[in-house]
file model30.txt (compact mmCIF, C-alpha atoms and all ligand atoms)
# COMPACT_ATOMS: atom_id res chain seq x y z
CA MET A 7 163.69 49.12 180.19
CA ARG A 8 167.22 47.73 179.80
CA LEU A 9 169.53 49.69 177.54
CA ASP A 10 170.22 46.74 175.20
CA ARG A 11 166.48 46.24 174.71
CA PHE A 12 165.92 49.94 174.12
CA LEU A 13 168.62 49.97 171.41
CA GLY A 14 167.47 46.68 169.91
CA ASN A 15 163.92 48.05 169.59
CA LEU A 16 165.19 50.80 167.27
CA PRO A 17 164.68 49.62 163.69
CA ARG A 18 168.29 50.36 162.72
CA PHE A 19 170.17 48.02 165.09
CA ASN A 20 170.18 44.24 165.42
CA ARG A 21 171.33 42.48 168.59
CA LYS A 22 174.91 42.06 167.43
CA GLN A 23 175.20 45.74 166.50
CA VAL A 24 173.82 46.69 169.90
CA ARG A 25 176.49 44.60 171.62
CA LEU A 26 179.23 46.18 169.51
CA LEU A 27 177.99 49.73 170.14
CA LEU A 28 178.08 49.09 173.87
CA ILE A 29 181.53 47.48 173.81
CA ALA A 30 182.85 50.39 171.73
CA ARG A 31 181.50 52.75 174.43
CA ARG A 32 179.60 54.79 171.88
CA ILE A 33 176.37 55.05 173.90
CA LYS A 34 175.66 57.76 176.48
CA VAL A 35 172.73 57.79 178.91
CA ASP A 36 172.10 61.13 180.58
CA GLY A 37 175.50 62.36 179.45
CA GLN A 38 177.45 59.36 180.82
CA VAL A 39 179.10 56.76 178.60
CA THR A 40 177.89 53.29 179.51
CA SER A 41 178.65 49.82 178.22
CA ASP A 42 176.25 48.12 180.63
CA PRO A 43 173.44 46.40 178.68
CA LEU A 44 171.32 46.41 181.86
CA HIS A 45 171.55 50.18 182.37
CA GLU A 46 167.99 51.39 182.95
CA VAL A 47 166.46 53.61 180.27
CA ARG A 48 163.32 55.48 181.24
CA GLU A 49 161.10 57.86 179.31
CA PHE A 50 163.04 60.62 181.10
CA SER A 51 166.48 59.37 179.98
CA ARG A 52 168.49 61.13 177.31
CA VAL A 53 170.17 58.54 175.08
CA GLU A 54 172.90 59.38 172.57
CA LEU A 55 174.98 57.46 170.02
CA ASP A 56 178.21 59.41 169.62
CA ASP A 57 176.78 62.91 169.12
CA GLU A 58 173.48 61.75 167.70
CA LEU A 59 170.39 62.00 169.85
CA LEU A 60 168.41 58.74 169.97
CA GLN A 61 165.93 59.85 172.66
CA ALA A 62 165.66 63.35 174.10
CA GLY A 63 163.90 62.23 177.29
CA ARG A 64 160.81 63.96 178.65
CA ALA A 65 161.33 66.25 181.60
CA PRO A 66 160.09 64.70 184.85
CA ARG A 67 157.78 67.06 186.76
CA TYR A 68 156.81 67.07 190.44
CA PHE A 69 154.42 69.47 192.17
CA MET A 70 153.11 69.97 195.68
CA LEU A 71 149.59 71.41 195.82
CA HIS A 72 147.59 72.60 198.79
CA LYS A 73 144.31 70.99 197.77
CA PRO A 74 141.34 73.08 198.88
CA MET A 75 138.02 71.59 199.92
CA GLY A 76 135.39 71.35 197.17
CA CYS A 77 137.65 70.17 194.42
CA VAL A 78 137.90 66.75 192.79
CA SER A 79 141.04 64.59 192.81
CA ALA A 80 140.68 63.69 189.17
CA THR A 81 142.11 64.90 185.93
CA VAL A 82 138.69 65.57 184.36
CA ASP A 83 135.27 66.22 185.92
CA LEU A 84 132.27 67.70 184.16
CA GLN A 85 130.63 69.15 187.29
CA HIS A 86 133.34 70.33 189.65
CA PRO A 87 136.77 71.96 189.48
CA THR A 88 139.60 69.44 189.53
CA VAL A 89 143.01 69.70 191.16
CA LEU A 90 144.56 69.93 187.69
CA ASP A 91 142.49 73.07 187.01
CA LEU A 92 144.55 74.72 189.76
CA LEU A 93 147.82 74.14 187.92
CA ASP A 94 148.99 76.69 185.40
CA GLU A 95 151.26 74.28 183.51
CA PRO A 96 151.56 73.01 179.94
CA ASP A 97 150.70 69.42 178.95
CA LYS A 98 148.57 68.74 181.99
CA HIS A 99 147.21 65.54 180.42
CA ASP A 100 150.69 64.10 181.09
CA LEU A 101 150.33 64.51 184.87
CA HIS A 102 148.73 62.26 187.46
CA ILE A 103 147.89 62.44 191.15
CA ALA A 104 149.95 60.47 193.66
CA GLY A 105 147.37 59.61 196.32
CA ARG A 106 143.89 61.00 195.86
CA LEU A 107 141.86 62.91 198.43
CA ASP A 108 138.08 63.13 198.80
CA PHE A 109 136.15 66.12 197.47
CA ASN A 110 136.02 67.82 200.87
CA THR A 111 139.44 66.77 202.14
CA SER A 112 142.13 69.44 202.01
CA GLY A 113 145.90 69.37 202.28
CA LEU A 114 148.98 67.90 200.69
CA MET A 115 148.57 66.58 197.18
CA LEU A 116 151.48 65.47 195.01
CA ILE A 117 151.20 65.61 191.24
CA THR A 118 153.75 64.25 188.80
CA ASN A 119 154.37 62.60 185.44
CA ASP A 120 156.77 60.06 187.00
CA GLY A 121 154.87 56.81 187.54
CA GLN A 122 157.73 55.01 189.30
CA TRP A 123 158.09 57.84 191.79
CA SER A 124 154.36 58.03 192.55
CA ARG A 125 154.15 54.25 193.00
CA ARG A 126 156.93 54.37 195.60
CA LEU A 127 154.92 57.01 197.42
CA THR A 128 151.57 55.26 197.42
CA GLN A 129 152.23 51.49 197.41
CA PRO A 130 151.20 50.02 200.81
CA ILE A 131 154.36 47.90 200.72
CA THR A 132 156.60 50.96 201.14
CA LYS A 133 154.66 51.80 204.34
CA LEU A 134 155.14 55.55 204.03
CA PRO A 135 153.02 57.20 206.73
CA LYS A 136 150.31 59.60 205.54
CA VAL A 137 149.39 61.99 208.33
CA TYR A 138 145.91 63.50 208.61
CA HIS A 139 144.44 66.11 210.93
CA VAL A 140 140.88 65.09 211.76
CA HIS A 141 137.94 66.95 213.35
CA THR A 142 135.01 64.81 214.39
CA GLU A 143 131.41 65.34 215.46
CA GLN A 144 131.70 63.28 218.67
CA PRO A 145 134.48 63.13 221.28
CA ILE A 146 137.43 60.81 220.53
CA SER A 147 138.28 58.39 223.34
CA PRO A 148 141.57 56.54 224.00
CA GLU A 149 139.83 53.34 222.85
CA TYR A 150 140.10 54.65 219.28
CA ALA A 151 143.89 54.66 219.46
CA GLU A 152 143.97 51.04 220.69
CA THR A 153 141.57 49.88 217.98
CA PHE A 154 143.41 51.71 215.20
CA ALA A 155 146.76 50.34 216.40
CA ARG A 156 145.39 46.78 216.24
CA GLY A 157 143.89 47.32 212.78
CA LEU A 158 140.25 47.39 211.68
CA TYR A 159 138.52 44.78 209.56
CA PHE A 160 137.14 46.22 206.29
CA ALA A 161 134.55 43.71 205.09
CA PHE A 162 134.25 45.15 201.60
CA GLU A 163 137.92 44.52 200.80
CA ASP A 164 138.12 41.57 203.22
CA LEU A 165 141.26 42.91 204.87
CA THR A 166 142.48 44.28 208.17
CA THR A 167 144.03 47.71 208.05
CA GLN A 168 147.71 48.09 208.92
CA PRO A 169 148.43 49.39 212.43
CA ALA A 170 147.76 53.13 212.56
CA HIS A 171 148.88 55.69 215.11
CA LEU A 172 146.36 58.09 216.63
CA GLU A 173 147.38 61.13 218.66
CA ILE A 174 144.37 62.72 220.36
CA LEU A 175 144.78 66.51 220.30
CA ASP A 176 141.60 67.57 222.07
CA ARG A 177 138.00 66.42 222.59
CA CYS A 178 137.08 66.21 218.91
CA SER A 179 140.35 66.44 217.05
CA ALA A 180 143.27 64.11 216.44
CA ARG A 181 146.24 63.41 214.22
CA LEU A 182 146.10 60.04 212.50
CA SER A 183 149.00 58.36 210.73
CA ILE A 184 148.20 55.53 208.30
CA VAL A 185 150.44 53.64 205.90
CA GLU A 186 147.79 52.73 203.33
CA GLY A 187 145.27 54.68 201.33
CA ARG A 188 142.13 52.55 201.21
CA TYR A 189 138.93 54.07 199.86
CA HIS A 190 137.65 56.66 202.38
CA GLN A 191 139.96 55.01 204.88
CA VAL A 192 140.02 57.67 207.60
CA LYS A 193 136.27 58.28 207.49
CA ARG A 194 135.61 54.55 207.67
CA MET A 195 137.97 54.14 210.63
CA PHE A 196 136.11 56.81 212.61
CA GLY A 197 132.84 55.44 211.21
CA HIS A 198 133.59 52.25 213.13
CA PHE A 199 132.77 54.30 216.25
CA GLN A 200 129.78 56.00 214.53
CA ASN A 201 131.79 59.21 214.72
CA LYS A 202 131.45 61.44 211.69
CA VAL A 203 134.55 63.16 210.32
CA LEU A 204 133.72 66.84 209.89
CA THR A 205 137.01 68.02 208.40
CA LEU A 206 140.01 66.12 207.13
CA HIS A 207 143.35 67.61 206.14
CA ARG A 208 146.47 65.75 204.94
CA GLU A 209 149.60 67.23 206.49
CA SER A 210 152.29 64.96 205.08
CA MET A 211 153.14 61.92 202.99
CA GLY A 212 156.29 60.22 204.23
CA PRO A 213 159.02 62.87 204.48
CA LEU A 214 157.09 65.38 202.34
CA VAL A 215 155.26 67.97 204.42
CA LEU A 216 152.73 70.48 203.10
CA ASP A 217 154.57 73.79 202.74
CA PRO A 218 152.92 76.26 205.18
CA ALA A 219 153.59 79.05 202.66
CA LEU A 220 151.03 77.49 200.30
CA ALA A 221 147.49 78.79 200.78
CA PRO A 222 144.63 76.47 199.71
CA GLY A 223 144.71 76.24 195.91
CA GLN A 224 148.39 77.22 195.61
CA TYR A 225 151.18 74.94 194.43
CA ARG A 226 154.91 74.84 193.82
CA HIS A 227 157.55 72.61 192.23
CA LEU A 228 159.17 70.08 194.56
CA THR A 229 162.82 70.76 195.29
CA ALA A 230 165.48 68.28 194.07
CA GLU A 231 165.97 67.22 197.68
CA GLU A 232 162.25 66.52 198.18
CA ILE A 233 162.10 64.45 194.99
CA GLN A 234 165.07 62.35 196.09
CA GLN A 235 163.56 61.62 199.49
CA ILE A 236 161.01 59.25 197.90
N1 LIG A 301 140.69 59.04 204.07
C1 LIG A 301 139.47 59.51 203.76
O1 LIG A 301 138.45 59.07 204.28
N2 LIG A 301 139.40 60.53 202.88
C2 LIG A 301 140.48 61.08 202.29
O2 LIG A 301 140.35 62.02 201.48
C3 LIG A 301 141.74 60.57 202.63
C4 LIG A 301 141.82 59.53 203.51
call {"tool": "encode", "arguments": {"input": "model30.txt", "output": "structure tokens", "more": "lines below"}}
Ligand code: URA
result
Amino acid sequence: MRLDRFLGNLPRFNRKQVRLLLIARRIKVDGQVTSDPLHEVREFSRVELDDELLQAGRAPRYFMLHKPMGCVSATVDLQHPTVLDLLDEPDKHDLHIAGRLDFNTSGLMLITNDGQWSRRLTQPITKLPKVYHVHTEQPISPEYAETFARGLYFAFEDLTTQPAHLEILDRCSARLSIVEGRYHQVKRMFGHFQNKVLTLHRESMGPLVLDPALAPGQYRHLTAEEIQQI
């Protein structure tokens, strides 16, 4: 929210006082003095009046997990292990998944408490490619690549998928790059050809690539550089 609104929402300041505090340059956001009423204040921002702390700011957290097969992309599940069970971190209820994967899909999963960041990653409008390695039951022909590039009609959602890029690797395996994350999207795309997906593995989301040092079930913090790439 805007800084002037954040300050005005505190019971101790009225609008005039807020204006005066800003003009007097008595407000700091993340250690920097600002007089801009439009300065963005997030739940992660530290806000000070002189040397008094008005908001400490929660720490933003970002993790990369190698999701194994047989684990649910949810925060709670009564029957199966969830991806959050794999994290040895405090306050896990504060975290959410940026782009779910099916129970038997493996690969890159990003977990964070920063909603703005995860929206940038998953919104179709940002068109970040998500790259999957696919193994199928039947051979994959060049016709698949043409069909996926044109887009496929999904009757349930009444939409045509965005153009997708298919690289055929061998008879029954391929690398597919899609910019959306519709429900069971990859399986449904191959399902159009009555070709069952046997294994599915997400290799990357935009510039973020699954760290090859992570075995299935392992995770690590994202680096500052990785966080900034989104
Ligand atoms: N598409 C699918 O069908 N499943 C996934 O887990 C991800 C993309």
call {"tool": "residues_near_point", "arguments": {"input": "model30.txt", "point": "(157.1, 68.9, 198.4)", "cutoff": "9 Å", "atoms": "all atoms listed in the file", "output": "ChimeraX atom specification"}}
result
/A:68-71,114-116,213-217,226-229,232-233
call {"tool": "write_last_selection", "arguments": {"input": "model30.txt", "atoms": "C-alpha atoms", "output": "PDB file, keeping the file's coordinate frame"}}
result
ATOM      1  CA  TYR A  68     156.810  67.070 190.440  1.00  0.00           C
ATOM      2  CA  PHE A  69     154.420  69.470 192.170  1.00  0.00           C
ATOM      3  CA  MET A  70     153.110  69.970 195.680  1.00  0.00           C
ATOM      4  CA  LEU A  71     149.590  71.410 195.820  1.00  0.00           C
ATOM      5  CA  LEU A 114     148.980  67.900 200.690  1.00  0.00           C
ATOM      6  CA  MET A 115     148.570  66.580 197.180  1.00  0.00           C
ATOM      7  CA  LEU A 116     151.480  65.470 195.010  1.00  0.00           C
ATOM      8  CA  PRO A 213     159.020  62.870 204.480  1.00  0.00           C
ATOM      9  CA  LEU A 214     157.090  65.380 202.340  1.00  0.00           C
ATOM     10  CA  VAL A 215     155.260  67.970 204.420  1.00  0.00           C
ATOM     11  CA  LEU A 216     152.730  70.480 203.100  1.00  0.00           C
ATOM     12  CA  ASP A 217     154.570  73.790 202.740  1.00  0.00           C
ATOM     13  CA  ARG A 226     154.910  74.840 193.820  1.00  0.00           C
ATOM     14  CA  HIS A 227     157.550  72.610 192.230  1.00  0.00           C
ATOM     15  CA  LEU A 228     159.170  70.080 194.560  1.00  0.00           C
ATOM     16  CA  THR A 229     162.820  70.760 195.290  1.00  0.00           C
ATOM     17  CA  GLU A 232     162.250  66.520 198.180  1.00  0.00           C
ATOM     18  CA  ILE A 233     162.100  64.450 194.990  1.00  0.00           C
TER      19      ILE A 233
END
call {"tool": "residues_near_ligand", "arguments": {"input": "model30.txt", "ligand": "ligand LIG 301 (chain A)", "cutoff": "6 Å", "atoms": "all atoms listed in the file", "output": "MDAnalysis selection string"}}
result
chainID A and resid 107:108 111 190:193
call {"tool": "residues_around", "arguments": {"input": "model30.txt", "residues": "A:Phe12", "least_positions_apart": "5", "cutoff": "12 Å", "atoms": "all atoms listed in the file", "output": "PyMOL selection string"}}
result
chain A and resi 7+17-21+24+33+35+43-49+51-54+60-61
call {"tool": "atom_distance", "arguments": {"input": "model30.txt", "atom1": "atom CA of A:Met195", "atom2": "atom CA of A:Phe154"}}
result
7.5 Å
call {"tool": "residues_around", "arguments": {"input": "model30.txt", "residues": "A:Phe199", "least_positions_apart": "2", "cutoff": "12 Å", "atoms": "all atoms listed in the file", "output": "number ranges by chain"}}
result
A: 142-151, 153-154, 158, 192-197, 201-203
call {"tool": "atom_distance", "arguments": {"input": "model30.txt", "atom1": "atom CA of A:Arg31", "atom2": "atom CA of A:Gln234"}}
result
28.8 Å
call {"tool": "atom_distance", "arguments": {"input": "model30.txt", "atom1": "atom CA of A:Leu59", "atom2": "atom CA of A:Ile236"}}
result
29.7 Å
call {"tool": "closest_atom_pairs", "arguments": {"input": "model30.txt", "of": "stretch 124-167 of chain A", "to": "stretch 86-106 of chain A", "cutoff": "9 Å", "atoms": "all atoms listed in the file", "output": "CSV"}}
result
residue,atom,partner,partner_atom,distance
A:Ser124,CA,A:Ala104,CA,5.2
A:Arg125,CA,A:Ala104,CA,7.5
A:Leu127,CA,A:Ala104,CA,7.1
A:Thr128,CA,A:Gly105,CA,6.1
call {"tool": "axis_aligned_box", "arguments": {"input": "model30.txt", "around": "stretch 43-53 of chain A", "padding_each_side": "5 Å", "output": "lines of an AutoDock Vina configuration file"}}
result
center_x = 167.3
center_y = 53.8
center_z = 179.0
size_x = 22.3
size_y = 24.7
size_z = 17.9
call {"tool": "closest_residue", "arguments": {"input": "model30.txt", "among": "A:Gly223, A:Lys73, A:His141, A:Ala62", "to": "A:Arg177", "atoms": "all atoms listed in the file"}}
result
A:His141
